[in-house]
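model-v3.cif (mmCIF, C-alpha atoms)
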data_model
#
loop_
_atom_site.label_atom_id
_atom_site.label_comp_id
_atom_site.auth_asym_id
_atom_site.auth_seq_id
_atom_site.Cartn_x
_atom_site.Cartn_y
_atom_site.Cartn_z
CA MET A 180 25.90 258.51 158.84
CA ILE A 181 22.63 260.31 158.13
CA ASN A 182 23.16 260.52 154.37
CA ASN A 183 23.32 256.70 154.23
CA PHE A 184 20.14 256.04 156.23
CA ARG A 185 17.43 253.92 154.63
CA ASP A 186 13.87 253.10 155.70
CA GLY A 187 13.96 250.33 158.30
CA ASP A 188 17.59 250.78 159.39
CA VAL A 189 18.31 249.99 163.04
CA ILE A 190 20.87 252.48 164.33
CA ASP A 191 23.17 252.98 167.30
CA GLU A 192 25.13 256.15 166.48
CA ILE A 193 26.46 259.42 167.87
CA PHE A 194 24.68 262.68 167.04
CA LEU A 195 24.63 266.31 168.05
CA VAL A 196 21.28 267.45 169.43
CA LYS A 197 20.71 270.51 167.27
CA ASN A 198 17.26 271.34 168.62
CA VAL A 199 14.63 269.79 170.90
CA ASN A 200 11.10 270.61 172.00
CA LYS A 201 8.39 268.84 173.91
CA GLY A 202 5.02 267.93 172.43
CA ILE A 203 1.79 266.41 173.71
CA SER A 204 0.16 263.51 171.89
CA VAL A 205 -3.46 264.17 170.90
CA ALA A 206 -4.19 260.45 171.01
CA ASN A 207 -3.23 259.77 174.65
CA ASN A 208 -2.21 263.15 176.11
CA ASN A 209 1.28 261.82 176.85
CA GLY A 210 4.41 263.89 176.37
CA TYR A 211 6.97 263.18 173.66
CA LEU A 212 10.15 264.81 172.33
CA ASN A 213 10.83 266.25 168.88
CA VAL A 214 14.61 266.08 168.44
CA THR A 215 16.66 267.44 165.52
CA LEU A 216 19.77 265.27 165.16
CA GLN A 217 22.92 266.16 163.24
CA ASP A 218 26.14 264.57 162.09
CA LYS A 219 28.65 265.81 159.53
CA THR A 220 26.52 264.56 156.64
CA GLY A 221 23.27 266.32 157.49
CA VAL A 222 20.28 266.54 159.83
CA ILE A 223 17.30 264.32 160.51
CA GLU A 224 14.22 264.68 162.71
CA GLY A 225 13.68 262.22 165.55
CA LYS A 226 10.76 261.35 167.83
CA LYS A 227 10.97 259.87 171.30
CA TRP A 228 7.43 258.89 172.07
CA SER A 229 7.87 258.48 175.82
CA ILE A 230 9.75 260.76 178.19
CA GLU A 231 11.71 258.87 180.84
CA ASP A 232 13.42 260.17 183.97
CA GLY A 233 16.56 262.06 182.94
CA ASP A 234 15.57 262.44 179.28
CA LEU A 235 15.26 266.21 179.49
CA GLU A 236 18.89 266.40 180.64
CA ILE A 237 20.12 263.97 177.99
CA PHE A 238 18.12 265.38 175.07
CA LYS A 239 19.30 268.95 175.47
CA THR A 240 20.39 271.28 172.65
CA GLY A 241 24.16 271.12 172.24
CA ASN A 242 24.60 267.68 173.82
CA VAL A 243 26.43 264.94 171.95
CA ILE A 244 24.62 261.67 172.57
CA MET A 245 24.50 258.04 171.50
CA ILE A 246 21.10 257.25 170.00
CA SER A 247 19.53 253.82 169.63
CA GLY A 248 16.50 253.63 167.38
CA GLN A 249 15.01 252.86 164.00
CA VAL A 250 14.79 254.88 160.80
CA ASN A 251 11.28 255.14 159.36
CA MET A 252 9.69 256.88 156.39
CA TYR A 253 7.01 259.41 157.34
CA LYS A 254 5.30 261.69 154.80
CA ASP A 255 8.05 261.01 152.24
CA ARG A 256 10.82 261.93 154.70
CA LEU A 257 13.05 259.76 156.84
CA GLN A 258 12.92 260.25 160.58
CA VAL A 259 14.29 258.37 163.59
CA LYS A 260 12.10 256.62 166.14
CA ILE A 261 14.31 257.09 169.20
CA LEU A 262 14.27 254.21 171.69
CA ASN A 263 16.87 255.65 174.06
CA GLY A 264 19.80 257.99 174.25
CA ARG A 265 22.81 258.49 176.48
CA ILE A 266 25.53 261.11 176.77
CA THR A 267 28.72 259.64 175.32
CA GLY A 268 30.97 260.59 178.24
CA LYS A 269 34.09 260.94 176.10
CA ASP A 270 35.94 263.67 174.26
CA VAL A 271 34.06 264.76 171.17
CA ASP A 272 35.60 265.02 167.72
CA TYR A 273 33.43 267.80 166.30
CA SER A 274 34.53 266.97 162.77
CA ASP A 275 32.28 263.88 163.08
CA ILE A 276 29.12 265.75 164.08
CA LEU A 277 29.34 269.24 162.57
CA ILE A 278 28.45 269.81 158.92
CA GLU A 279 31.70 271.08 157.46
CA SER A 280 32.60 273.46 154.68
CA PRO A 281 32.64 271.88 151.19
CA ILE A 282 36.19 273.29 150.91
CA PRO A 283 38.76 272.12 153.50
CA VAL A 284 39.46 274.78 156.10
CA GLU A 285 43.19 274.68 155.30
CA GLN A 286 42.45 275.87 151.76
CA LEU A 287 40.09 278.55 153.06
CA ILE A 288 42.77 279.86 155.44
CA GLU A 289 45.28 279.96 152.60
CA LYS A 290 42.89 282.04 150.47
CA TYR A 291 42.03 284.28 153.42
CA LYS A 292 45.75 284.98 154.00
CA TYR A 293 46.19 285.72 150.29
CA TYR A 294 43.44 288.35 150.32
CA LEU A 295 44.61 289.78 153.63
CA GLY A 296 48.12 290.18 152.20
CA SER A 297 46.87 291.67 148.95
CA VAL A 298 45.62 294.86 150.64
CA LYS A 299 48.22 297.64 150.28
CA ASN A 300 46.64 300.70 151.94
CA ASN A 301 48.31 301.08 155.31
CA ASP A 302 45.18 302.13 157.24
CA CYS A 303 43.22 299.19 155.83
CA LYS A 304 46.09 296.81 156.65
CA GLU A 305 46.33 298.07 160.22
CA ILE A 306 42.60 297.76 160.85
CA LEU A 307 42.48 294.27 159.33
CA ALA A 308 45.45 293.17 161.42
CA GLY A 309 43.94 294.59 164.61
CA VAL A 310 40.54 292.96 164.06
CA PHE A 311 41.86 289.51 163.22
CA GLU A 312 44.44 289.51 166.00
CA LYS A 313 41.42 289.57 168.33
CA TYR A 314 38.92 287.38 166.53
CA TYR A 315 40.81 285.05 164.17
CA ALA A 316 40.22 281.78 166.08
CA ASP A 317 36.45 282.26 166.14
CA PHE A 318 36.39 283.69 162.62
CA ILE A 319 37.76 280.50 161.06
CA ASN A 320 35.42 278.17 162.99
CA TYR A 321 32.06 279.93 163.22
CA PRO A 322 29.20 279.46 160.77
CA ALA A 323 27.96 282.48 158.83
CA ALA A 324 24.35 281.90 159.90
CA VAL A 325 22.17 279.97 162.35
CA SER A 326 20.22 278.66 159.35
CA ASN A 327 19.96 279.34 155.61
CA HIS A 328 23.27 280.33 154.01
CA HIS A 329 26.71 279.00 155.09
CA ASP A 330 25.25 277.56 158.32
CA PHE A 331 28.07 275.04 158.77
CA TYR A 332 31.43 274.61 160.50
CA HIS A 333 33.91 277.13 158.96
CA GLY A 334 30.99 278.75 157.14
CA LEU A 335 32.03 282.30 158.04
CA ILE A 336 35.49 282.09 156.47
CA TYR A 337 34.00 280.19 153.50
CA HIS A 338 31.48 282.97 152.85
CA THR A 339 34.14 285.65 153.35
CA VAL A 340 36.66 284.08 150.97
CA SER A 341 33.96 283.46 148.38
CA MET A 342 32.99 287.13 148.49
CA CYS A 343 36.63 288.19 148.15
CA SER A 344 36.94 286.03 145.02
CA LEU A 345 33.93 287.75 143.48
CA ALA A 346 35.24 291.17 144.50
CA GLU A 347 38.61 290.46 142.90
CA VAL A 348 36.95 289.74 139.55
CA ILE A 349 34.72 292.81 139.81
CA CYS A 350 37.69 295.08 140.52
CA LYS A 351 39.36 293.88 137.33
CA HIS A 352 36.25 294.81 135.36
CA TYR A 353 35.43 298.15 137.05
CA ARG A 354 38.82 299.84 137.25
CA GLU A 355 37.68 302.83 139.33
CA ILE A 356 36.70 300.65 142.27
CA SER A 357 39.09 300.72 145.24
CA TYR A 358 40.40 297.16 145.51
CA ASP A 359 41.71 297.77 149.02
CA LEU A 360 38.39 299.09 150.32
CA LEU A 361 36.26 296.41 148.68
CA ILE A 362 38.47 293.49 149.75
CA SER A 363 38.75 294.94 153.26
CA GLY A 364 34.96 295.31 153.37
CA CYS A 365 34.51 291.67 152.30
CA LEU A 366 36.96 290.46 154.93
CA LEU A 367 35.33 292.52 157.69
CA HIS A 368 31.65 292.61 156.76
CA ASP A 369 30.47 289.73 158.98
CA VAL A 370 33.11 289.78 161.72
CA GLY A 371 30.41 290.87 164.19
CA LYS A 372 28.99 287.34 163.96
CA VAL A 373 31.73 286.07 166.29
CA ILE A 374 29.86 288.00 169.00
CA GLU A 375 26.35 287.69 167.55
CA PHE A 376 26.55 283.86 167.75
CA ASN A 377 27.50 281.60 170.66
CA GLY A 378 29.81 279.32 168.65
CA PRO A 379 29.91 276.61 165.98
CA VAL A 380 28.10 273.92 168.02
CA ALA A 381 24.28 274.13 168.10
CA THR A 382 24.64 277.77 167.06
CA LYS A 383 22.19 280.30 168.44
CA TYR A 384 22.05 284.04 168.99
CA THR A 385 23.70 285.58 172.04
CA ILE A 386 22.08 288.35 174.06
CA GLU A 387 24.30 290.85 172.20
CA GLY A 388 23.28 289.25 168.92
CA ASN A 389 19.60 289.65 169.64
CA LEU A 390 19.83 293.16 171.09
CA VAL A 391 22.46 294.73 168.82
CA GLY A 392 23.12 292.45 165.81
CA HIS A 393 26.27 291.68 163.85
CA ILE A 394 26.08 294.75 161.61
CA SER A 395 26.31 297.25 164.46
CA ILE A 396 28.71 295.01 166.37
CA GLY A 397 31.03 294.89 163.35
CA ALA A 398 31.04 298.68 163.01
CA MET A 399 31.85 299.00 166.72
CA ILE A 400 34.76 296.55 166.36
CA ILE A 401 36.25 298.62 163.53
CA ASP A 402 35.78 301.80 165.53
CA GLU A 403 37.47 300.24 168.56
CA VAL A 404 40.48 299.01 166.58
CA ALA A 405 40.89 302.31 164.72
CA LYS A 406 40.96 304.18 168.05
CA GLU A 407 43.45 301.72 169.55
CA LYS A 408 45.77 302.19 166.59
CA LYS A 409 45.10 305.94 166.44
CA ILE A 410 43.93 305.71 162.82
CA GLU A 411 41.98 308.81 161.83
CA GLY A 412 40.60 310.16 158.58
CA GLU A 413 38.43 308.64 155.90
CA VAL A 414 39.39 304.95 155.83
CA PRO A 415 37.82 303.84 159.15
CA LEU A 416 34.75 305.93 158.33
CA LEU A 417 34.37 304.32 154.90
CA LEU A 418 34.85 300.81 156.31
CA LYS A 419 32.26 301.43 159.05
CA HIS A 420 29.85 302.71 156.42
CA MET A 421 30.37 299.58 154.33
CA ILE A 422 29.62 297.34 157.30
CA LEU A 423 26.54 299.33 158.30
CA ALA A 424 25.20 299.29 154.73
CA HIS A 425 26.12 295.76 153.64
CA HIS A 426 22.59 294.32 153.79
CA GLY A 427 21.63 296.86 151.16
CA LYS A 428 18.23 297.88 152.49
CA GLN A 429 16.98 299.12 155.83
CA GLU A 430 14.22 296.51 155.85
CA TYR A 431 16.99 293.88 155.63
CA GLY A 432 18.67 295.25 158.76
CA SER A 433 21.10 297.87 157.44
CA PRO A 434 20.97 301.07 159.52
CA VAL A 435 22.01 303.07 156.44
CA LEU A 436 21.84 302.58 152.67
CA PRO A 437 25.01 302.17 150.57
CA ALA A 438 26.38 305.61 149.67
CA THR A 439 29.70 304.71 147.99
CA ARG A 440 30.51 302.45 145.04
CA GLU A 441 32.37 300.02 147.29
CA ALA A 442 29.50 299.87 149.80
CA LEU A 443 27.00 299.23 147.01
CA LEU A 444 29.12 296.47 145.51
CA LEU A 445 29.72 294.89 148.92
CA SER A 446 25.96 294.64 149.51
CA MET A 447 25.41 293.13 146.06
CA ILE A 448 28.24 290.61 146.45
CA ASP A 449 26.97 289.59 149.89
CA GLU A 450 23.45 289.04 148.60
CA MET A 451 24.67 287.09 145.58
CA ASP A 452 26.90 284.78 147.56
CA SER A 453 24.40 284.12 150.34
CA LYS A 454 21.46 283.50 148.00
CA ILE A 455 23.38 281.18 145.68
CA MET A 456 24.44 279.17 148.73
CA CYS A 457 20.79 278.94 149.85
CA LEU A 458 19.83 277.70 146.41
CA ASP A 459 22.72 275.21 146.23
CA LYS A 460 21.69 273.88 149.64
CA ALA A 461 18.12 273.34 148.42
CA TYR A 462 19.32 271.72 145.18
CA SER A 463 21.54 269.28 147.10
CA SER A 464 18.51 267.40 148.46
CA ILE A 465 16.66 266.91 145.15
CA GLU A 466 17.26 265.26 141.80
CA GLU A 467 17.45 266.91 138.39
CA GLY A 468 13.98 267.55 137.01
CA GLU A 469 12.48 268.23 140.45
CA PHE A 470 11.41 271.36 142.29
CA THR A 471 12.85 272.41 145.64
CA ASP A 472 10.76 272.98 148.72
CA ARG A 473 9.79 276.61 149.26
CA ILE A 474 12.89 278.64 150.12
CA TYR A 475 12.56 281.34 152.76
CA ALA A 476 15.39 283.45 151.30
CA PHE A 477 13.45 283.72 148.02
CA GLU A 478 10.07 284.80 149.41
CA ASN A 479 9.12 281.11 149.78
CA ARG A 480 9.42 280.45 146.05
CA GLN A 481 10.26 277.02 144.65
CA PHE A 482 13.10 276.50 142.17
CA TYR A 483 13.43 273.93 139.42
CA LYS A 484 16.66 271.91 139.11
CA PRO A 485 17.34 271.53 135.38
CA HIS A 486 19.02 268.51 133.83
CA LYS A 487 22.69 269.14 133.06
CA LEU A 488 23.31 270.16 129.46
#
Whole structure, structure tokens version:
Amino acid sequence: MINNFRDGDVIDEIFLVKNVNKGISVANNNGYLNVTLQDKTGVIEGKKWSIEDGDLEIFKTGNVIMISGQVNMYKDRLQVKILNGRITGKDVDYSDILIESPIPVEQLIEKYKYYLGSVKNNDCKEILAGVFEKYYADFINYPAAVSNHHDFYHGLIYHTVSMCSLAEVICKHYREISYDLLISGCLLHDVGKVIEFNGPVATKYTIEGNLVGHISIGAMIIDEVAKEKKIEGEVPLLLKHMILAHHGKQEYGSPVLPATREALLLSMIDEMDSKIMCLDKAYSSIEEGEFTDRIYAFENRQFYKPHKL
């Protein structure tokens, strides 16, 4: 497994090809492949310094392949010198090659069902039921991002449940907040990602994802379900507003700014949960007393990892 690799290790293991691109060597003008490899413990960069017949079909994003090679240290980072690769030709257990949620999916589903059942408003309940009848299977498996926050197997339900937990605490503190609206908004806010992304394996944006985006897709899903169930009035409107405003700022992709308490809180909870996950991810690769690499989500700032008190 990648997290156990050491400089000089000779390997013969199965990986997911997460990304691949072709380069040209300055030294001899020959082509080579840059390959990002993944298993359930992490990712590592690989180089195949010669391109053989058939390599471009084998080393293709999304393929699961057996790699033979050697682990080397380069510029203070481990990478794999790839000697050869072959498609495994057997059924794939994705739990071996996809980075999984830190919390088992069974626990996440249990928490999701708890929050789903805690909503009492009938219109909210009907919309939630209608949405997840259609998209539940993808919702529990998809990541919440292509990169950055919650970009792992079951990441979407992990992010959603985490936000619901924060919302539950906030509702106990601010008594005038509508629990049903805020929890419903948390459950629904990223459901458009099941259409924005192509799936949990080598995740990338779909055509709809690139052209429309998950925020607008999510609002359209709510609108569609409300019409199917003949739900009229304020609730579907408020939920659509929360989805459209949940990135908080128009420069962050929200078509509108939050204009209700619940919409404002949803945007703040979403930002908190996603940014803390980005920071935790960066911290996981360094020791106490070190600085992270520059983090895109924080305007390329570095963060210090303090020693535990």
Open item on the list: My list of candidates is A:Leu366, A:Met447, A:Lys226, A:Ile401. Which is closest to Tyr293 (chain A) when distances are computed with only C-alpha atoms?
Closed with: A:Leu366
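Between Ser344 (chain A) and the residues A:Asp472, A:Glu441, A:Glu279, A:Asp452, the shortest atom-to-atom distance, using all atoms listed in the file, involves A:Asp452.
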- [ ] Give as a PyMOL selection string the set of residues within 7 Å of the point (33.8, 280.2, 146.8), where distances use the file's coordinates and only C-alpha atoms.
- [x] chain A and resi 337+340-341+344
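Across the structure, CA of Arg354 (chain A) and CA of Ala405 (chain A) are spaced 27.7 Å apart.
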- [ ] Select, counting all atoms listed in the file, all protein, DNA and RNA residues no farther than 12 Å from (34.6, 301.8, 163.1) in file coordinates, and express the selection as number ranges by chain.
- [x] A: 303, 306-307, 309-310, 364, 367-368, 371, 394-423
Open item on the list: Which residues, named as in the file, does the PyMOL selection byres ((chain A and resi 453-459) around 9) pick out? Answer as a count of residues only.
Closed with: 18
- [ ] Name the closest residue to Ile336 (chain A) among the candidates A:Thr215, A:Ser280, A:Asn479, A:Asn209; distances are taken between atoms, counting all atoms listed in the file.
- [x]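 The closest residue to Ile336 (chain A) is A:Ser280.
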